[in-house]
Structure formats: structure tokens, C-alpha cells
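Colleague: Structure: run.txt, compact mmCIF, N, CA, C and O atoms.
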# COMPACT_ATOMS: atom_id res chain seq x y z
N MET A 128 -90.45 -155.93 160.04
CA MET A 128 -89.70 -156.07 161.26
C MET A 128 -88.21 -156.11 160.93
O MET A 128 -87.79 -156.75 159.98
N LYS A 129 -87.42 -155.42 161.72
CA LYS A 129 -85.97 -155.43 161.57
C LYS A 129 -85.40 -156.47 162.52
O LYS A 129 -85.86 -156.62 163.64
N PHE A 130 -84.38 -157.19 162.08
CA PHE A 130 -83.73 -158.19 162.92
C PHE A 130 -82.23 -158.09 162.72
O PHE A 130 -81.75 -158.08 161.59
N ARG A 131 -81.49 -158.00 163.80
CA ARG A 131 -80.03 -157.93 163.74
C ARG A 131 -79.46 -159.05 164.60
O ARG A 131 -79.70 -159.11 165.80
N PRO A 132 -78.72 -159.99 164.00
CA PRO A 132 -78.14 -161.08 164.78
C PRO A 132 -77.03 -160.57 165.70
O PRO A 132 -76.41 -159.55 165.43
N LEU A 133 -76.78 -161.31 166.76
CA LEU A 133 -75.74 -160.95 167.72
C LEU A 133 -74.45 -161.70 167.43
O LEU A 133 -74.45 -162.76 166.81
N HIS A 134 -73.35 -161.14 167.89
CA HIS A 134 -72.01 -161.74 167.85
C HIS A 134 -71.62 -162.17 166.44
O HIS A 134 -71.69 -161.37 165.52
N ASP A 135 -71.23 -163.43 166.27
CA ASP A 135 -70.73 -163.89 164.95
C ASP A 135 -71.80 -164.69 164.19
O ASP A 135 -71.49 -165.59 163.44
N ARG A 136 -73.05 -164.33 164.38
CA ARG A 136 -74.13 -165.02 163.69
C ARG A 136 -74.56 -164.25 162.44
O ARG A 136 -74.42 -163.05 162.36
N VAL A 137 -75.11 -165.01 161.48
CA VAL A 137 -75.62 -164.42 160.25
C VAL A 137 -77.02 -164.97 159.98
O VAL A 137 -77.36 -166.06 160.43
N VAL A 138 -77.83 -164.19 159.27
CA VAL A 138 -79.16 -164.63 158.84
C VAL A 138 -79.06 -164.92 157.35
O VAL A 138 -78.57 -164.09 156.58
N VAL A 139 -79.50 -166.11 156.94
CA VAL A 139 -79.34 -166.57 155.56
C VAL A 139 -80.70 -166.95 154.98
O VAL A 139 -81.52 -167.59 155.65
N LYS A 140 -80.92 -166.55 153.73
CA LYS A 140 -82.10 -166.97 152.98
C LYS A 140 -81.64 -168.03 151.98
O LYS A 140 -80.72 -167.79 151.19
N ARG A 141 -82.25 -169.19 152.04
CA ARG A 141 -81.88 -170.26 151.10
C ARG A 141 -82.20 -169.84 149.67
O ARG A 141 -83.22 -169.21 149.41
N VAL A 142 -81.32 -170.22 148.75
CA VAL A 142 -81.54 -169.97 147.33
C VAL A 142 -82.13 -171.25 146.75
O VAL A 142 -81.50 -172.30 146.81
N GLU A 143 -83.35 -171.15 146.26
CA GLU A 143 -84.03 -172.33 145.72
C GLU A 143 -83.45 -172.71 144.37
O GLU A 143 -83.22 -171.87 143.51
N GLU A 144 -83.22 -174.01 144.22
CA GLU A 144 -82.72 -174.53 142.95
C GLU A 144 -83.90 -174.76 142.01
O GLU A 144 -85.04 -174.87 142.43
N GLU A 145 -83.60 -174.82 140.74
CA GLU A 145 -84.65 -175.03 139.75
C GLU A 145 -85.22 -176.44 139.92
O GLU A 145 -84.50 -177.39 140.21
N GLY A 146 -86.53 -176.58 139.77
CA GLY A 146 -87.20 -177.85 139.99
C GLY A 146 -87.23 -178.76 138.77
O GLY A 146 -88.09 -179.62 138.66
N LYS A 147 -86.28 -178.57 137.86
CA LYS A 147 -86.25 -179.35 136.63
C LYS A 147 -84.82 -179.81 136.37
O LYS A 147 -83.87 -179.05 136.58
N THR A 148 -84.63 -181.03 135.92
CA THR A 148 -83.30 -181.52 135.57
C THR A 148 -82.90 -180.99 134.20
O THR A 148 -83.73 -180.42 133.47
N LYS A 149 -81.66 -181.23 133.82
CA LYS A 149 -81.20 -180.79 132.49
C LYS A 149 -81.97 -181.48 131.38
O LYS A 149 -82.14 -180.93 130.30
N GLY A 150 -82.43 -182.70 131.65
CA GLY A 150 -83.20 -183.45 130.65
C GLY A 150 -84.66 -183.04 130.57
O GLY A 150 -85.40 -183.55 129.74
N GLY A 151 -85.10 -182.14 131.46
CA GLY A 151 -86.47 -181.66 131.41
C GLY A 151 -87.42 -182.36 132.37
O GLY A 151 -88.61 -182.10 132.36
N ILE A 152 -86.89 -183.26 133.22
CA ILE A 152 -87.74 -183.96 134.18
C ILE A 152 -88.02 -183.03 135.34
O ILE A 152 -87.11 -182.45 135.93
N ILE A 153 -89.28 -182.88 135.71
CA ILE A 153 -89.67 -182.02 136.83
C ILE A 153 -89.56 -182.81 138.12
O ILE A 153 -90.10 -183.91 138.24
N ILE A 154 -88.86 -182.23 139.10
CA ILE A 154 -88.67 -182.88 140.39
C ILE A 154 -89.72 -182.35 141.36
O ILE A 154 -89.79 -181.14 141.59
N PRO A 155 -90.52 -183.24 141.98
CA PRO A 155 -91.53 -182.76 142.93
C PRO A 155 -90.88 -182.27 144.22
O PRO A 155 -89.76 -182.66 144.56
N ASP A 156 -91.59 -181.39 144.94
CA ASP A 156 -91.06 -180.82 146.18
C ASP A 156 -90.69 -181.88 147.20
O ASP A 156 -89.75 -181.72 147.96
N THR A 157 -91.43 -182.98 147.23
CA THR A 157 -91.16 -184.02 148.23
C THR A 157 -89.84 -184.75 147.97
O THR A 157 -89.27 -185.31 148.88
N ALA A 158 -89.37 -184.73 146.73
CA ALA A 158 -88.13 -185.43 146.39
C ALA A 158 -86.90 -184.51 146.41
O ALA A 158 -85.78 -184.98 146.33
N LYS A 159 -87.13 -183.20 146.52
CA LYS A 159 -86.02 -182.25 146.51
C LYS A 159 -85.30 -182.25 147.85
O LYS A 159 -85.90 -182.41 148.90
N GLU A 160 -83.99 -182.05 147.79
CA GLU A 160 -83.21 -181.84 149.01
C GLU A 160 -83.16 -180.35 149.29
O GLU A 160 -83.29 -179.53 148.39
N LYS A 161 -82.97 -180.01 150.56
CA LYS A 161 -82.85 -178.60 150.91
C LYS A 161 -81.56 -178.05 150.30
O LYS A 161 -80.51 -178.68 150.38
N PRO A 162 -81.64 -176.88 149.69
CA PRO A 162 -80.43 -176.30 149.08
C PRO A 162 -79.40 -175.93 150.15
O PRO A 162 -79.75 -175.56 151.26
N MET A 163 -78.13 -176.08 149.79
CA MET A 163 -77.04 -175.73 150.70
C MET A 163 -76.39 -174.43 150.27
O MET A 163 -75.26 -174.14 150.62
N GLU A 164 -77.11 -173.65 149.48
CA GLU A 164 -76.63 -172.37 149.01
C GLU A 164 -77.61 -171.31 149.48
O GLU A 164 -78.81 -171.54 149.53
N GLY A 165 -77.09 -170.15 149.86
CA GLY A 165 -77.96 -169.09 150.33
C GLY A 165 -77.36 -167.72 150.16
O GLY A 165 -76.21 -167.57 149.76
N GLU A 166 -78.18 -166.72 150.48
CA GLU A 166 -77.75 -165.33 150.42
C GLU A 166 -77.87 -164.74 151.82
O GLU A 166 -78.86 -164.93 152.50
N ILE A 167 -76.83 -164.03 152.23
CA ILE A 167 -76.81 -163.44 153.56
C ILE A 167 -77.73 -162.22 153.59
O ILE A 167 -77.61 -161.32 152.76
N VAL A 168 -78.65 -162.22 154.56
CA VAL A 168 -79.63 -161.16 154.71
C VAL A 168 -79.16 -160.15 155.76
O VAL A 168 -79.38 -158.95 155.62
N ALA A 169 -78.53 -160.63 156.84
CA ALA A 169 -78.04 -159.77 157.92
C ALA A 169 -76.85 -160.41 158.60
O ALA A 169 -76.75 -161.64 158.64
N VAL A 170 -75.95 -159.59 159.13
CA VAL A 170 -74.77 -160.10 159.85
C VAL A 170 -74.67 -159.41 161.20
O VAL A 170 -75.07 -158.27 161.37
N GLY A 171 -74.10 -160.13 162.16
CA GLY A 171 -73.84 -159.56 163.47
C GLY A 171 -72.57 -158.73 163.45
O GLY A 171 -71.83 -158.72 162.45
N PRO A 172 -72.26 -158.05 164.55
CA PRO A 172 -71.09 -157.19 164.60
C PRO A 172 -69.76 -157.94 164.62
O PRO A 172 -68.74 -157.40 164.22
N GLY A 173 -69.76 -159.19 165.05
CA GLY A 173 -68.53 -159.97 165.10
C GLY A 173 -68.32 -160.59 166.47
O GLY A 173 -69.03 -160.27 167.43
N ALA A 174 -67.34 -161.46 166.56
CA ALA A 174 -67.02 -162.13 167.82
C ALA A 174 -65.91 -161.37 168.54
O ALA A 174 -65.22 -160.54 167.94
N ARG A 175 -65.73 -161.67 169.79
CA ARG A 175 -64.65 -161.06 170.57
C ARG A 175 -63.54 -162.08 170.78
O ARG A 175 -63.81 -163.25 171.04
N ASP A 176 -62.28 -161.63 170.67
CA ASP A 176 -61.15 -162.52 170.92
C ASP A 176 -60.84 -162.56 172.42
O ASP A 176 -61.56 -162.00 173.23
N GLU A 177 -59.74 -163.24 172.78
CA GLU A 177 -59.38 -163.40 174.19
C GLU A 177 -59.12 -162.06 174.89
O GLU A 177 -59.33 -161.92 176.09
N ALA A 178 -58.67 -161.08 174.15
CA ALA A 178 -58.36 -159.76 174.72
C ALA A 178 -59.61 -158.87 174.80
O ALA A 178 -59.53 -157.75 175.30
N GLY A 179 -60.74 -159.36 174.28
CA GLY A 179 -61.96 -158.57 174.31
C GLY A 179 -62.14 -157.66 173.11
O GLY A 179 -63.08 -156.88 173.04
N LYS A 180 -61.23 -157.77 172.14
CA LYS A 180 -61.29 -156.93 170.94
C LYS A 180 -62.29 -157.53 169.94
O LYS A 180 -62.33 -158.74 169.74
N LEU A 181 -63.10 -156.68 169.33
CA LEU A 181 -64.11 -157.13 168.37
C LEU A 181 -63.44 -157.53 167.06
O LEU A 181 -62.70 -156.74 166.47
N VAL A 182 -63.73 -158.76 166.60
CA VAL A 182 -63.20 -159.27 165.34
C VAL A 182 -64.36 -159.31 164.34
O VAL A 182 -65.29 -160.09 164.51
N PRO A 183 -64.35 -158.45 163.30
CA PRO A 183 -65.46 -158.41 162.35
C PRO A 183 -65.56 -159.69 161.53
O PRO A 183 -64.58 -160.43 161.38
N LEU A 184 -66.73 -159.94 160.96
CA LEU A 184 -66.96 -161.13 160.15
C LEU A 184 -66.36 -160.97 158.75
O LEU A 184 -66.20 -159.86 158.26
N ASP A 185 -66.05 -162.11 158.11
CA ASP A 185 -65.51 -162.10 156.76
C ASP A 185 -66.61 -161.98 155.70
O ASP A 185 -66.32 -161.74 154.53
N VAL A 186 -67.84 -162.21 156.09
CA VAL A 186 -68.96 -162.14 155.14
C VAL A 186 -69.75 -160.85 155.36
O VAL A 186 -69.66 -160.23 156.41
N LYS A 187 -70.51 -160.46 154.33
CA LYS A 187 -71.32 -159.24 154.43
C LYS A 187 -72.68 -159.50 153.81
O LYS A 187 -72.88 -160.51 153.11
N LYS A 188 -73.59 -158.61 154.05
CA LYS A 188 -74.94 -158.71 153.51
C LYS A 188 -74.88 -158.78 151.98
O LYS A 188 -74.15 -158.03 151.34
N GLY A 189 -75.63 -159.70 151.40
CA GLY A 189 -75.66 -159.85 149.94
C GLY A 189 -74.74 -160.94 149.41
O GLY A 189 -74.88 -161.34 148.26
N ASP A 190 -73.79 -161.44 150.22
CA ASP A 190 -72.89 -162.51 149.77
C ASP A 190 -73.67 -163.80 149.56
O ASP A 190 -74.58 -164.12 150.31
N ARG A 191 -73.30 -164.54 148.50
CA ARG A 191 -73.86 -165.89 148.29
C ARG A 191 -72.88 -166.87 148.89
O ARG A 191 -71.69 -166.80 148.62
N ILE A 192 -73.41 -167.79 149.70
CA ILE A 192 -72.55 -168.69 150.46
C ILE A 192 -72.97 -170.14 150.29
O ILE A 192 -74.08 -170.44 149.86
N LEU A 193 -72.06 -171.04 150.64
CA LEU A 193 -72.35 -172.46 150.77
C LEU A 193 -72.24 -172.82 152.24
O LEU A 193 -71.33 -172.35 152.93
N PHE A 194 -73.17 -173.65 152.72
CA PHE A 194 -73.14 -174.06 154.11
C PHE A 194 -73.52 -175.54 154.19
O PHE A 194 -74.00 -176.13 153.22
N GLY A 195 -73.28 -176.14 155.34
CA GLY A 195 -73.57 -177.55 155.54
C GLY A 195 -75.06 -177.85 155.48
O GLY A 195 -75.90 -176.99 155.76
N LYS A 196 -75.40 -179.09 155.13
CA LYS A 196 -76.78 -179.50 154.97
C LYS A 196 -77.60 -179.29 156.25
O LYS A 196 -78.75 -178.91 156.20
N TRP A 197 -77.02 -179.54 157.40
CA TRP A 197 -77.74 -179.44 158.67
C TRP A 197 -77.33 -178.22 159.47
O TRP A 197 -77.56 -178.15 160.67
N SER A 198 -76.72 -177.24 158.86
CA SER A 198 -76.26 -176.04 159.55
C SER A 198 -77.41 -175.10 159.88
O SER A 198 -78.38 -175.00 159.15
N GLY A 199 -77.26 -174.39 160.98
CA GLY A 199 -78.18 -173.32 161.32
C GLY A 199 -79.47 -173.76 161.98
O GLY A 199 -79.77 -174.94 162.10
N THR A 200 -80.21 -172.76 162.41
CA THR A 200 -81.52 -172.94 163.02
C THR A 200 -82.56 -172.27 162.13
O THR A 200 -82.41 -171.10 161.79
N GLU A 201 -83.59 -173.02 161.74
CA GLU A 201 -84.61 -172.47 160.87
C GLU A 201 -85.56 -171.59 161.66
O GLU A 201 -86.00 -171.96 162.74
N ILE A 202 -85.85 -170.41 161.12
CA ILE A 202 -86.79 -169.48 161.74
C ILE A 202 -87.72 -168.93 160.66
O ILE A 202 -87.45 -169.07 159.47
N LYS A 203 -88.78 -168.28 161.09
CA LYS A 203 -89.71 -167.63 160.16
C LYS A 203 -89.88 -166.20 160.64
O LYS A 203 -90.32 -165.96 161.75
N LEU A 204 -89.48 -165.24 159.80
CA LEU A 204 -89.64 -163.81 160.09
C LEU A 204 -90.46 -163.19 158.98
O LEU A 204 -90.12 -163.32 157.80
N ASP A 205 -91.52 -162.50 159.35
CA ASP A 205 -92.42 -161.85 158.38
C ASP A 205 -92.88 -162.82 157.29
O ASP A 205 -92.96 -162.46 156.12
N GLY A 206 -93.13 -164.07 157.65
CA GLY A 206 -93.61 -165.06 156.70
C GLY A 206 -92.55 -165.63 155.79
O GLY A 206 -92.86 -166.37 154.86
N GLU A 207 -91.30 -165.31 156.04
CA GLU A 207 -90.20 -165.77 155.19
C GLU A 207 -89.35 -166.78 155.97
O GLU A 207 -88.99 -166.55 157.12
N ASP A 208 -89.03 -167.92 155.33
CA ASP A 208 -88.20 -168.94 155.97
C ASP A 208 -86.74 -168.55 155.85
O ASP A 208 -86.22 -168.33 154.75
N LEU A 209 -86.07 -168.44 157.00
CA LEU A 209 -84.66 -168.04 157.06
C LEU A 209 -83.88 -168.99 157.97
O LEU A 209 -84.47 -169.80 158.68
N LEU A 210 -82.57 -168.88 157.93
CA LEU A 210 -81.68 -169.64 158.80
C LEU A 210 -80.81 -168.68 159.59
O LEU A 210 -80.36 -167.66 159.05
N ILE A 211 -80.56 -169.01 160.85
CA ILE A 211 -79.56 -168.28 161.65
C ILE A 211 -78.44 -169.26 161.92
O ILE A 211 -78.68 -170.38 162.39
N MET A 212 -77.22 -168.86 161.60
CA MET A 212 -76.07 -169.74 161.84
C MET A 212 -74.85 -168.92 162.23
O MET A 212 -74.81 -167.71 162.00
N LYS A 213 -73.88 -169.59 162.80
CA LYS A 213 -72.61 -168.94 163.13
C LYS A 213 -71.78 -168.86 161.87
O LYS A 213 -71.93 -169.67 160.94
N GLU A 214 -70.87 -167.92 161.85
CA GLU A 214 -70.00 -167.76 160.68
C GLU A 214 -69.16 -169.02 160.45
O GLU A 214 -68.87 -169.38 159.32
N SER A 215 -68.83 -169.74 161.50
CA SER A 215 -68.01 -170.95 161.37
C SER A 215 -68.75 -172.07 160.63
O SER A 215 -68.12 -173.00 160.14
N ASP A 216 -70.10 -172.00 160.53
CA ASP A 216 -70.87 -173.00 159.78
C ASP A 216 -70.82 -172.76 158.28
O ASP A 216 -71.21 -173.62 157.50
N ILE A 217 -70.34 -171.59 157.87
CA ILE A 217 -70.26 -171.26 156.44
C ILE A 217 -69.00 -171.87 155.86
O ILE A 217 -67.91 -171.71 156.39
N MET A 218 -69.17 -172.60 154.73
CA MET A 218 -68.02 -173.25 154.09
C MET A 218 -67.27 -172.33 153.15
O MET A 218 -66.07 -172.48 152.97
N GLY A 219 -67.98 -171.38 152.54
CA GLY A 219 -67.30 -170.47 151.63
C GLY A 219 -68.27 -169.51 150.96
O GLY A 219 -69.48 -169.66 151.04
N ILE A 220 -67.67 -168.52 150.30
CA ILE A 220 -68.43 -167.51 149.56
C ILE A 220 -68.35 -167.84 148.07
O ILE A 220 -67.27 -168.12 147.55
N ILE A 221 -69.50 -167.79 147.40
CA ILE A 221 -69.54 -168.03 145.95
C ILE A 221 -69.34 -166.67 145.28
O ILE A 221 -70.15 -165.77 145.46
N GLU A 222 -68.27 -166.55 144.52
CA GLU A 222 -67.96 -165.27 143.87
C GLU A 222 -68.35 -165.33 142.40
O GLU A 222 -68.16 -166.33 141.73
N GLY A 223 -68.93 -164.24 141.91
CA GLY A 223 -69.25 -164.13 140.49
C GLY A 223 -70.58 -164.72 140.09
O GLY A 223 -70.97 -164.61 138.94
N SER A 224 -71.31 -165.37 140.99
CA SER A 224 -72.56 -166.02 140.60
C SER A 224 -73.66 -165.02 140.28
O SER A 224 -74.48 -165.24 139.42
N VAL A 225 -73.68 -163.88 140.95
CA VAL A 225 -74.71 -162.87 140.72
C VAL A 225 -74.53 -162.24 139.34
O VAL A 225 -75.49 -162.07 138.59
N SER A 226 -73.31 -161.94 138.96
CA SER A 226 -73.07 -161.32 137.67
C SER A 226 -73.37 -162.29 136.52
O SER A 226 -73.82 -161.88 135.47
N MET A 227 -73.16 -163.59 136.73
CA MET A 227 -73.48 -164.57 135.68
C MET A 227 -74.97 -164.65 135.47
O MET A 227 -75.43 -164.75 134.34
N LYS A 228 -75.78 -164.60 136.53
CA LYS A 228 -77.22 -164.68 136.37
C LYS A 228 -77.77 -163.42 135.71
O LYS A 228 -78.72 -163.49 134.95
N LYS A 229 -77.19 -162.25 136.00
CA LYS A 229 -77.66 -161.02 135.37
C LYS A 229 -77.35 -161.02 133.88
O LYS A 229 -78.09 -160.47 133.07
N ALA A 230 -76.24 -161.63 133.49
CA ALA A 230 -75.86 -161.66 132.08
C ALA A 230 -76.74 -162.61 131.28
O ALA A 230 -76.92 -162.45 130.07
N ALA A 231 -77.31 -163.61 131.92
CA ALA A 231 -78.12 -164.62 131.22
C ALA A 231 -79.48 -164.14 130.84
O ALA A 231 -80.02 -163.19 131.08
Please express what this file holds, its structure, as C-alpha cells.
Modeller:
Amino acid sequence: MKFRPLHDRVVVKRVEEEGKTKGGIIIPDTAKEKPMEGEIVAVGPGARDEAGKLVPLDVKKGDRILFGKWSGTEIKLDGEDLLIMKESDIMGIIEGSVSMKKAA
């Protein structure tokens, strides 16, 4: 199924953190907090300003972002847990994280 968000909304897939501490202790799912990092799956066309002109979003598909702990609305599409949120709920874009993981 294809899904395209409207206006200044984005669809985000949470990036799961590793379930082990640096010391090797395994953290059970019940004790884990929801990650506040995600990857943008889809973006809307943008919001309109007072003059009616379309203002495009600063983020794009594939960007890794940080967002607030309680940001967005949780949905399930094609069996996958996703979040829909406004661009204003995004705190920032994480740059360089994808290239570091590929090098490792």
C-alpha cells in the first residue's frame, strides 16, 4: 500500500536501539524506552503560508531524525509500526550516521 502524508506531515519509522549495554547486559523489551530516533519514510508536499504559497519541508525521505518522546501518532501500515508527525515535532536531522554504520 502506498501512503502519502498531507501538508507538513511526515511518516517516520523508529530506529531500534541495540538491546545490550556496553558492559554486555541484555535489556528486556519491557525495560526499554521507545527510541527517539527515526528514519523518514514519506513526506508531505509542505505547508502554506499566509499568502497561500506552498513552503516545502526541510526534511526528505531517508533522513535520520530526532524527535520528542511523545511526538506523533502511532499507526500500523502493512504490519509495520510507524509514526505520523508534523515537521515542527522534529528536533533535528542526524547527519553522517548512515555512512558511519556502513563503514563499521
Colleague: Which polymer residues have any atom within 7 Å of an atom of segment 171-174 of chain A, counting all atoms listed in the file, with same-chain residues fewer than 5 positions away left out, as a PDB file with N, CA, C and O atoms, in the coordinates of the input?
Modeller:
ATOM      1  N   ARG A 131     -81.490-158.000 163.800  1.00  0.00           N
ATOM      2  CA  ARG A 131     -80.030-157.930 163.740  1.00  0.00           C
ATOM      3  C   ARG A 131     -79.460-159.050 164.600  1.00  0.00           C
ATOM      4  O   ARG A 131     -79.700-159.110 165.800  1.00  0.00           O
ATOM      5  N   PRO A 132     -78.720-159.990 164.000  1.00  0.00           N
ATOM      6  CA  PRO A 132     -78.140-161.080 164.780  1.00  0.00           C
ATOM      7  C   PRO A 132     -77.030-160.570 165.700  1.00  0.00           C
ATOM      8  O   PRO A 132     -76.410-159.550 165.430  1.00  0.00           O
ATOM      9  N   LEU A 133     -76.780-161.310 166.760  1.00  0.00           N
ATOM     10  CA  LEU A 133     -75.740-160.950 167.720  1.00  0.00           C
ATOM     11  C   LEU A 133     -74.450-161.700 167.430  1.00  0.00           C
ATOM     12  O   LEU A 133     -74.450-162.760 166.810  1.00  0.00           O
ATOM     13  N   HIS A 134     -73.350-161.140 167.890  1.00  0.00           N
ATOM     14  CA  HIS A 134     -72.010-161.740 167.850  1.00  0.00           C
ATOM     15  C   HIS A 134     -71.620-162.170 166.440  1.00  0.00           C
ATOM     16  O   HIS A 134     -71.690-161.370 165.520  1.00  0.00           O
ATOM     17  N   ASP A 135     -71.230-163.430 166.270  1.00  0.00           N
ATOM     18  CA  ASP A 135     -70.730-163.890 164.950  1.00  0.00           C
ATOM     19  C   ASP A 135     -71.800-164.690 164.190  1.00  0.00           C
ATOM     20  O   ASP A 135     -71.490-165.590 163.440  1.00  0.00           O
ATOM     21  N   ARG A 136     -73.050-164.330 164.380  1.00  0.00           N
ATOM     22  CA  ARG A 136     -74.130-165.020 163.690  1.00  0.00           C
ATOM     23  C   ARG A 136     -74.560-164.250 162.440  1.00  0.00           C
ATOM     24  O   ARG A 136     -74.420-163.050 162.360  1.00  0.00           O
ATOM     25  N   VAL A 137     -75.110-165.010 161.480  1.00  0.00           N
ATOM     26  CA  VAL A 137     -75.620-164.420 160.250  1.00  0.00           C
ATOM     27  C   VAL A 137     -77.020-164.970 159.980  1.00  0.00           C
ATOM     28  O   VAL A 137     -77.360-166.060 160.430  1.00  0.00           O
ATOM     29  N   VAL A 138     -77.830-164.190 159.270  1.00  0.00           N
ATOM     30  CA  VAL A 138     -79.160-164.630 158.840  1.00  0.00           C
ATOM     31  C   VAL A 138     -79.060-164.920 157.350  1.00  0.00           C
ATOM     32  O   VAL A 138     -78.570-164.090 156.580  1.00  0.00           O
ATOM     33  N   GLY A 179     -60.740-159.360 174.280  1.00  0.00           N
ATOM     34  CA  GLY A 179     -61.960-158.570 174.310  1.00  0.00           C
ATOM     35  C   GLY A 179     -62.140-157.660 173.110  1.00  0.00           C
ATOM     36  O   GLY A 179     -63.080-156.880 173.040  1.00  0.00           O
ATOM     37  N   LYS A 180     -61.230-157.770 172.140  1.00  0.00           N
ATOM     38  CA  LYS A 180     -61.290-156.930 170.940  1.00  0.00           C
ATOM     39  C   LYS A 180     -62.290-157.530 169.940  1.00  0.00           C
ATOM     40  O   LYS A 180     -62.330-158.740 169.740  1.00  0.00           O
ATOM     41  N   LEU A 181     -63.100-156.680 169.330  1.00  0.00           N
ATOM     42  CA  LEU A 181     -64.110-157.130 168.370  1.00  0.00           C
ATOM     43  C   LEU A 181     -63.440-157.530 167.060  1.00  0.00           C
ATOM     44  O   LEU A 181     -62.700-156.740 166.470  1.00  0.00           O
ATOM     45  N   VAL A 182     -63.730-158.760 166.600  1.00  0.00           N
ATOM     46  CA  VAL A 182     -63.200-159.270 165.340  1.00  0.00           C
ATOM     47  C   VAL A 182     -64.360-159.310 164.340  1.00  0.00           C
ATOM     48  O   VAL A 182     -65.290-160.090 164.510  1.00  0.00           O
ATOM     49  N   PRO A 183     -64.350-158.450 163.300  1.00  0.00           N
ATOM     50  CA  PRO A 183     -65.460-158.410 162.350  1.00  0.00           C
ATOM     51  C   PRO A 183     -65.560-159.690 161.530  1.00  0.00           C
ATOM     52  O   PRO A 183     -64.580-160.430 161.380  1.00  0.00           O
ATOM     53  N   LEU A 184     -66.730-159.940 160.960  1.00  0.00           N
ATOM     54  CA  LEU A 184     -66.960-161.130 160.150  1.00  0.00           C
ATOM     55  C   LEU A 184     -66.360-160.970 158.750  1.00  0.00           C
ATOM     56  O   LEU A 184     -66.200-159.860 158.260  1.00  0.00           O
ATOM     57  N   VAL A 186     -67.840-162.210 156.090  1.00  0.00           N
ATOM     58  CA  VAL A 186     -68.960-162.140 155.140  1.00  0.00           C
ATOM     59  C   VAL A 186     -69.750-160.850 155.360  1.00  0.00           C
ATOM     60  O   VAL A 186     -69.660-160.230 156.410  1.00  0.00           O
TER      61      VAL A 186
END
Colleague: Please identify which residues in segment 159-222 of chain A DSSP calls strand (DSSP E) from the backbone, and express them as a PyMOL selection string.
Modeller: chain A and resi 164-170+174-175+181-182+191-194+200-204+207-213+217-221
Colleague: Hey, which of A:Asp208, A:Ser198, A:Glu177, A:Asp190 ends up closest to Glu143 of chain A? Count only C-alpha atoms.
Modeller: A:Asp208
Colleague: By how many Å are atom O of Leu210 of chain A and atom O of Asp176 of chain A apart?
Modeller: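 We find that atom O of Leu210 of chain A and atom O of Asp176 of chain A lie 24.2 Å from each other.
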Colleague: Provide the atom C of Val170 of chain A to atom N of Gly219 of chain A distance in Å, to one decimal place.
Modeller: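 Separation of atom C of Val170 of chain A and atom N of Gly219 of chain A: 16.2 Å.
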Colleague: Please indicate the distance in Å from atom C of Asp216 of chain A to atom C of Gly165 of chain A, rounded to one decimal place.
Modeller: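 So the answer is 11.6 Å.
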Colleague: Extract, using only C-alpha atoms, all DNA, RNA and protein residues at most 8 Å from Val139 of chain A, discarding same-chain residues fewer than 3 positions from it, and format them as a PDB file with N, CA, C and O atoms, in the frame of the given file.
Modeller:
ATOM      1  N   GLY A 165     -77.090-170.150 149.860  1.00  0.00           N
ATOM      2  CA  GLY A 165     -77.960-169.090 150.330  1.00  0.00           C
ATOM      3  C   GLY A 165     -77.360-167.720 150.160  1.00  0.00           C
ATOM      4  O   GLY A 165     -76.210-167.570 149.760  1.00  0.00           O
ATOM      5  N   GLU A 166     -78.180-166.720 150.480  1.00  0.00           N
ATOM      6  CA  GLU A 166     -77.750-165.330 150.420  1.00  0.00           C
ATOM      7  C   GLU A 166     -77.870-164.740 151.820  1.00  0.00           C
ATOM      8  O   GLU A 166     -78.860-164.930 152.500  1.00  0.00           O
ATOM      9  N   ILE A 167     -76.830-164.030 152.230  1.00  0.00           N
ATOM     10  CA  ILE A 167     -76.810-163.440 153.560  1.00  0.00           C
ATOM     11  C   ILE A 167     -77.730-162.220 153.590  1.00  0.00           C
ATOM     12  O   ILE A 167     -77.610-161.320 152.760  1.00  0.00           O
ATOM     13  N   VAL A 168     -78.650-162.220 154.560  1.00  0.00           N
ATOM     14  CA  VAL A 168     -79.630-161.160 154.710  1.00  0.00           C
ATOM     15  C   VAL A 168     -79.160-160.150 155.760  1.00  0.00           C
ATOM     16  O   VAL A 168     -79.380-158.950 155.620  1.00  0.00           O
ATOM     17  N   ALA A 169     -78.530-160.630 156.840  1.00  0.00           N
ATOM     18  CA  ALA A 169     -78.040-159.770 157.920  1.00  0.00           C
ATOM     19  C   ALA A 169     -76.850-160.410 158.600  1.00  0.00           C
ATOM     20  O   ALA A 169     -76.750-161.640 158.640  1.00  0.00           O
ATOM     21  N   LEU A 209     -86.070-168.440 157.000  1.00  0.00           N
ATOM     22  CA  LEU A 209     -84.660-168.040 157.060  1.00  0.00           C
ATOM     23  C   LEU A 209     -83.880-168.990 157.970  1.00  0.00           C
ATOM     24  O   LEU A 209     -84.470-169.800 158.680  1.00  0.00           O
ATOM     25  N   LEU A 210     -82.570-168.880 157.930  1.00  0.00           N
ATOM     26  CA  LEU A 210     -81.680-169.640 158.800  1.00  0.00           C
ATOM     27  C   LEU A 210     -80.810-168.680 159.590  1.00  0.00           C
ATOM     28  O   LEU A 210     -80.360-167.660 159.050  1.00  0.00           O
ATOM     29  N   ILE A 211     -80.560-169.010 160.850  1.00  0.00           N
ATOM     30  CA  ILE A 211     -79.560-168.280 161.650  1.00  0.00           C
ATOM     31  C   ILE A 211     -78.440-169.260 161.920  1.00  0.00           C
ATOM     32  O   ILE A 211     -78.680-170.380 162.390  1.00  0.00           O
ATOM     33  N   MET A 212     -77.220-168.860 161.600  1.00  0.00           N
ATOM     34  CA  MET A 212     -76.070-169.740 161.840  1.00  0.00           C
ATOM     35  C   MET A 212     -74.850-168.920 162.230  1.00  0.00           C
ATOM     36  O   MET A 212     -74.810-167.710 162.000  1.00  0.00           O
TER      37      MET A 212
END
Colleague: Nearest to Ile220 of chain A among A:Val142, A:Arg191, A:Glu207, A:Gly199, with distances taken over all atoms listed in the file: which residue is it?
Modeller: A:Arg191
